[in-house]
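Source file: model_37.tsv (TSV, C-alpha atoms)
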chain	number	residue	atom	x	y	z
A	1	MET	CA	10.15	20.38	5.71
A	2	PRO	CA	7.23	22.41	4.35
A	3	SER	CA	3.78	21.99	5.82
A	4	LEU	CA	0.38	23.52	5.25
A	5	PRO	CA	-1.13	25.92	7.79
A	6	GLU	CA	-3.16	23.92	10.31
A	7	SER	CA	-6.61	24.95	9.01
A	8	ILE	CA	-5.74	24.13	5.38
A	9	TRP	CA	-4.15	20.83	6.41
A	10	ARG	CA	-7.32	19.89	8.34
A	11	ARG	CA	-9.46	20.74	5.29
A	12	ARG	CA	-7.22	18.56	3.13
A	13	LEU	CA	-7.61	15.69	5.59
A	14	GLU	CA	-11.40	16.14	5.47
A	15	SER	CA	-11.29	16.14	1.68
A	16	GLU	CA	-9.27	12.90	1.67
A	17	PHE	CA	-11.78	11.29	4.02
A	18	GLU	CA	-14.74	12.43	1.87
A	19	GLU	CA	-13.18	11.06	-1.30
A	20	MET	CA	-12.55	7.71	0.37
A	21	SER	CA	-16.10	7.66	1.79
A	22	GLU	CA	-17.58	8.26	-1.65
A	23	SER	CA	-15.55	5.42	-3.15
A	24	SER	CA	-16.24	1.70	-2.88
A	25	ILE	CA	-13.02	1.21	-0.90
A	26	ASP	CA	-13.45	-0.66	2.41
A	27	PHE	CA	-11.58	1.41	5.03
A	28	LYS	CA	-11.55	2.79	8.55
A	29	ALA	CA	-9.88	6.03	9.60
A	30	ASN	CA	-8.78	7.30	12.98
A	31	PRO	CA	-10.68	10.33	14.36
A	32	GLU	CA	-7.95	12.73	13.15
A	33	LYS	CA	-8.19	11.23	9.63
A	34	THR	CA	-4.42	10.78	9.51
A	35	GLU	CA	-4.41	6.96	9.55
A	36	TYR	CA	-6.38	4.73	7.23
A	37	THR	CA	-6.71	0.98	7.51
A	38	VAL	CA	-7.78	-0.35	4.14
A	39	ARG	CA	-9.13	-3.81	3.37
A	40	PHE	CA	-9.29	-5.11	-0.18
A	41	SER	CA	-9.41	-8.34	-2.14
A	42	LYS	CA	-6.92	-9.09	-4.86
A	43	LYS	CA	-4.83	-12.14	-5.62
A	44	ALA	CA	-1.31	-12.15	-4.19
A	45	LEU	CA	1.02	-14.67	-2.59
A	46	GLN	CA	2.13	-15.50	0.90
A	47	LYS	CA	4.91	-17.75	2.09
A	48	LYS	CA	4.32	-20.27	4.87
A	49	GLY	CA	7.45	-22.25	5.59
A	50	SER	CA	8.62	-23.41	2.17
A	51	SER	CA	5.18	-23.19	0.54
A	52	ILE	CA	4.00	-20.29	-1.60
A	53	THR	CA	0.21	-20.02	-1.49
A	54	PRO	CA	-2.34	-17.57	-2.88
A	55	ILE	CA	-4.12	-15.06	-0.67
A	56	PHE	CA	-6.98	-12.77	-1.57
A	57	ASN	CA	-7.61	-10.53	1.44
A	58	HIS	CA	-5.30	-7.68	2.39
A	59	LEU	CA	-5.08	-5.17	5.19
A	60	VAL	CA	-2.95	-2.06	4.66
A	61	LYS	CA	-2.24	0.97	6.86
A	62	ILE	CA	-1.71	4.39	5.30
A	63	ILE	CA	-0.31	7.12	7.55
A	64	LEU	CA	-0.48	10.80	6.61
A	65	LYS	CA	2.23	12.71	8.45
A	66	ARG	CA	1.96	16.36	9.48
A	67	ASP	CA	3.75	17.54	6.34
A	68	PHE	CA	1.13	15.84	4.12
A	69	PRO	CA	0.56	16.42	1.17
A	70	TYR	CA	4.22	17.14	0.42
A	71	PRO	CA	6.75	14.47	-0.68
A	72	ASN	CA	7.78	11.87	1.92
A	73	SER	CA	4.68	12.62	3.99
A	74	VAL	CA	2.93	9.28	3.51
A	75	GLU	CA	3.89	5.90	4.96
A	76	VAL	CA	2.32	2.65	3.81
A	77	PHE	CA	2.50	-0.67	5.68
A	78	TRP	CA	1.11	-4.03	4.66
A	79	LEU	CA	-0.48	-5.51	7.79
A	80	SER	CA	-1.43	-8.93	6.43
A	81	PRO	CA	1.21	-11.52	5.47
A	82	ILE	CA	2.34	-11.18	1.87
A	83	PHE	CA	5.21	-12.46	-0.29
A	84	HIS	CA	5.96	-9.69	-2.77
A	85	PRO	CA	9.21	-8.17	-4.05
A	86	ASN	CA	8.11	-4.57	-3.38
A	87	ILE	CA	6.82	-5.18	0.13
A	88	ALA	CA	9.38	-5.76	2.87
A	89	PRO	CA	8.94	-8.64	5.30
A	90	ASP	CA	8.17	-6.00	7.98
A	91	GLY	CA	5.34	-4.62	5.81
A	92	ARG	CA	6.99	-1.46	4.44
A	93	VAL	CA	5.80	-0.75	0.91
A	94	CYS	CA	7.78	0.63	-2.01
A	95	ILE	CA	5.60	1.98	-4.81
A	96	GLN	CA	6.43	4.53	-7.47
A	97	LEU	CA	3.43	6.57	-6.35
A	98	LEU	CA	5.24	7.38	-3.10
A	99	ASN	CA	8.63	7.88	-4.76
A	100	LYS	CA	7.21	10.28	-7.35
A	101	TRP	CA	4.72	11.95	-5.03
A	102	SER	CA	2.88	15.10	-6.03
A	103	GLU	CA	0.62	17.23	-3.86
A	104	ASN	CA	-2.47	16.38	-5.93
A	105	GLN	CA	-2.26	12.64	-5.19
A	106	THR	CA	-4.75	11.24	-2.70
A	107	VAL	CA	-5.26	8.38	-0.30
A	108	LYS	CA	-7.57	6.86	-2.89
A	109	SER	CA	-4.83	7.04	-5.55
A	110	ILE	CA	-2.48	5.27	-3.13
A	111	VAL	CA	-4.98	2.43	-2.67
A	112	LEU	CA	-5.41	2.12	-6.44
A	113	GLY	CA	-1.61	2.12	-6.78
A	114	LEU	CA	-1.34	-0.70	-4.23
A	115	GLU	CA	-3.79	-2.76	-6.26
A	116	GLN	CA	-1.63	-2.13	-9.34
A	117	LEU	CA	1.45	-3.14	-7.37
A	118	LEU	CA	-0.11	-6.56	-6.76
A	119	ASP	CA	-0.80	-6.96	-10.49
A	120	ASN	CA	2.66	-5.74	-11.51
A	121	PRO	CA	5.39	-6.78	-9.07
A	122	ASN	CA	8.76	-5.23	-9.87
A	123	PRO	CA	11.60	-7.59	-8.92
A	124	LEU	CA	14.14	-5.00	-10.15
A	125	SER	CA	13.31	-2.70	-7.20
A	126	PRO	CA	13.03	-5.15	-4.31
A	127	LEU	CA	12.39	-4.69	-0.62
A	128	ASN	CA	12.12	-8.48	-0.32
A	129	ARG	CA	15.01	-10.09	-2.18
A	130	GLU	CA	13.69	-13.63	-1.78
A	131	ALA	CA	10.37	-12.63	-3.35
A	132	ALA	CA	12.23	-10.73	-6.09
A	133	GLU	CA	14.18	-13.86	-6.95
A	134	TYR	CA	10.96	-15.90	-6.97
A	135	PHE	CA	9.22	-13.41	-9.28
A	136	SER	CA	12.29	-13.20	-11.57
A	137	ASN	CA	12.54	-16.95	-12.18
A	138	PRO	CA	10.10	-19.34	-13.78
A	139	LYS	CA	7.58	-20.26	-11.13
A	140	PRO	CA	6.51	-23.71	-10.05
A	141	LYS	CA	2.76	-24.20	-9.69
A	142	VAL	CA	1.42	-22.36	-6.63
A	143	VAL	CA	-0.08	-24.65	-4.00
A	144	GLY	CA	-3.77	-24.06	-3.22
A	145	ASN	CA	-6.78	-22.71	-5.09
A	146	GLN	CA	-6.11	-20.80	-8.26
Conversion result in structure tokens:
Amino acid sequence: MPSLPESIWRRRLESEFEEMSESSIDFKANPEKTEYTVRFSKKALQKKGSSITPIFNHLVKIILKRDFPYPNSVEVFWLSPIFHPNIAPDGRVCIQLLNKWSENQTVKSIVLGLEQLLDNPNPLSPLNREAAEYFSNPKPKVVGNQ
């Protein structure tokens, strides 16, 4: 697996942190700047028992592995409960941004991609089959505030 020389990798991590700091994204990073916990508001669904209800607040962890920024060097986990076809019940996230990764993508672009994922669930590429089925079929009215 390729990786950048340590000094260049550290500069890239600093650059990622600066870009996030200059954005309006609500986040915290660990001291090494390899893990980001991002908080954002966007409508999605959660499942409690047999009820599907809307949620608006999300917490996501983004982990940059040592071989960052090369492909397969980023892991994304949804920390808050969510019912979505492209987010596994354990929180693993499947987004095209990670599957078609390029070295010029950033943590900020991942966050923006996650927001797009909420707006455009893809039941044809599911990590949560129950949610995929729900999103594929006509939906009954969601319980709770709209």
Note to self: Can you pull out the residues contacting Glu103 (chain A)? Cut-off 12 Å, using all atoms listed in the file, and skip same-chain residues under 3 positions away; I want them as a list in words.
What the structure shows: Pro2, Ser3, Leu4, Trp9, Arg12, Asp67, Phe68, Pro69, Tyr70, Pro71, Asn72, Ser73, Val74, Leu97, Leu98, Lys100, Thr106, Val107 and Ser109 of chain A
Do a neighbour search on Asn86 (chain A) at 12 Å with all atoms listed in the file, toss out local chain neighbours closer than 4 positions, and write the hits as a PDB file with C-alpha atoms, in the coordinates of the input.
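So part.pdb came out as:
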ATOM      1  CA  VAL A  76       2.320   2.650   3.810  1.00  0.00           C
ATOM      2  CA  PHE A  77       2.500  -0.670   5.680  1.00  0.00           C
ATOM      3  CA  TRP A  78       1.110  -4.030   4.660  1.00  0.00           C
ATOM      4  CA  ILE A  82       2.340 -11.180   1.870  1.00  0.00           C
ATOM      5  CA  ASP A  90       8.170  -6.000   7.980  1.00  0.00           C
ATOM      6  CA  GLY A  91       5.340  -4.620   5.810  1.00  0.00           C
ATOM      7  CA  ARG A  92       6.990  -1.460   4.440  1.00  0.00           C
ATOM      8  CA  VAL A  93       5.800  -0.750   0.910  1.00  0.00           C
ATOM      9  CA  CYS A  94       7.780   0.630  -2.010  1.00  0.00           C
ATOM     10  CA  ILE A  95       5.600   1.980  -4.810  1.00  0.00           C
ATOM     11  CA  GLN A  96       6.430   4.530  -7.470  1.00  0.00           C
ATOM     12  CA  LEU A 114      -1.340  -0.700  -4.230  1.00  0.00           C
ATOM     13  CA  GLN A 116      -1.630  -2.130  -9.340  1.00  0.00           C
ATOM     14  CA  LEU A 117       1.450  -3.140  -7.370  1.00  0.00           C
ATOM     15  CA  LEU A 118      -0.110  -6.560  -6.760  1.00  0.00           C
ATOM     16  CA  ASP A 119      -0.800  -6.960 -10.490  1.00  0.00           C
ATOM     17  CA  ASN A 120       2.660  -5.740 -11.510  1.00  0.00           C
ATOM     18  CA  PRO A 121       5.390  -6.780  -9.070  1.00  0.00           C
ATOM     19  CA  ASN A 122       8.760  -5.230  -9.870  1.00  0.00           C
ATOM     20  CA  PRO A 123      11.600  -7.590  -8.920  1.00  0.00           C
ATOM     21  CA  LEU A 124      14.140  -5.000 -10.150  1.00  0.00           C
ATOM     22  CA  SER A 125      13.310  -2.700  -7.200  1.00  0.00           C
ATOM     23  CA  PRO A 126      13.030  -5.150  -4.310  1.00  0.00           C
ATOM     24  CA  LEU A 127      12.390  -4.690  -0.620  1.00  0.00           C
ATOM     25  CA  ASN A 128      12.120  -8.480  -0.320  1.00  0.00           C
ATOM     26  CA  ARG A 129      15.010 -10.090  -2.180  1.00  0.00           C
ATOM     27  CA  GLU A 130      13.690 -13.630  -1.780  1.00  0.00           C
ATOM     28  CA  ALA A 131      10.370 -12.630  -3.350  1.00  0.00           C
ATOM     29  CA  ALA A 132      12.230 -10.730  -6.090  1.00  0.00           C
ATOM     30  CA  GLU A 133      14.180 -13.860  -6.950  1.00  0.00           C
ATOM     31  CA  PHE A 135       9.220 -13.410  -9.280  1.00  0.00           C
TER      32      PHE A 135
END
Margin query: Here is a test: counting all atoms listed in the file, which residue of A:Leu13, A:Ile110, A:Ile8, A:Ile52 is nearest to Val38 (chain A)?
Written below: A:Ile110
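In terms of minimum interatomic distance to Ser24 (chain A), A:Val111 ranks closest within A:Ser80, A:Val111, A:Phe56, A:Lys48, counting only C-alpha atoms.
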Notebook entry, point to check: Counting only C-alpha atoms, which of A:Leu79, A:Lys108, A:Thr37, A:Ser102 gets nearest to Glu18 (chain A)?
Noted result: A:Lys108
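Those residues that approach Leu45 (chain A) to within 9 Å, counting all atoms listed in the file, are Ile52, Thr53, Pro54, Ile55, Phe56, Pro81, Ile82, Phe83, His84 and Val142 of chain A; same-chain residues fewer than 6 positions away are not listed.
Taking CA of Glu22 (chain A) and CA of Ser41 (chain A) as the two end points, the separation is 18.5 Å.
Counting from CA of Asn57 (chain A), the distance to CA of Arg39 (chain A) is 7.2 Å.
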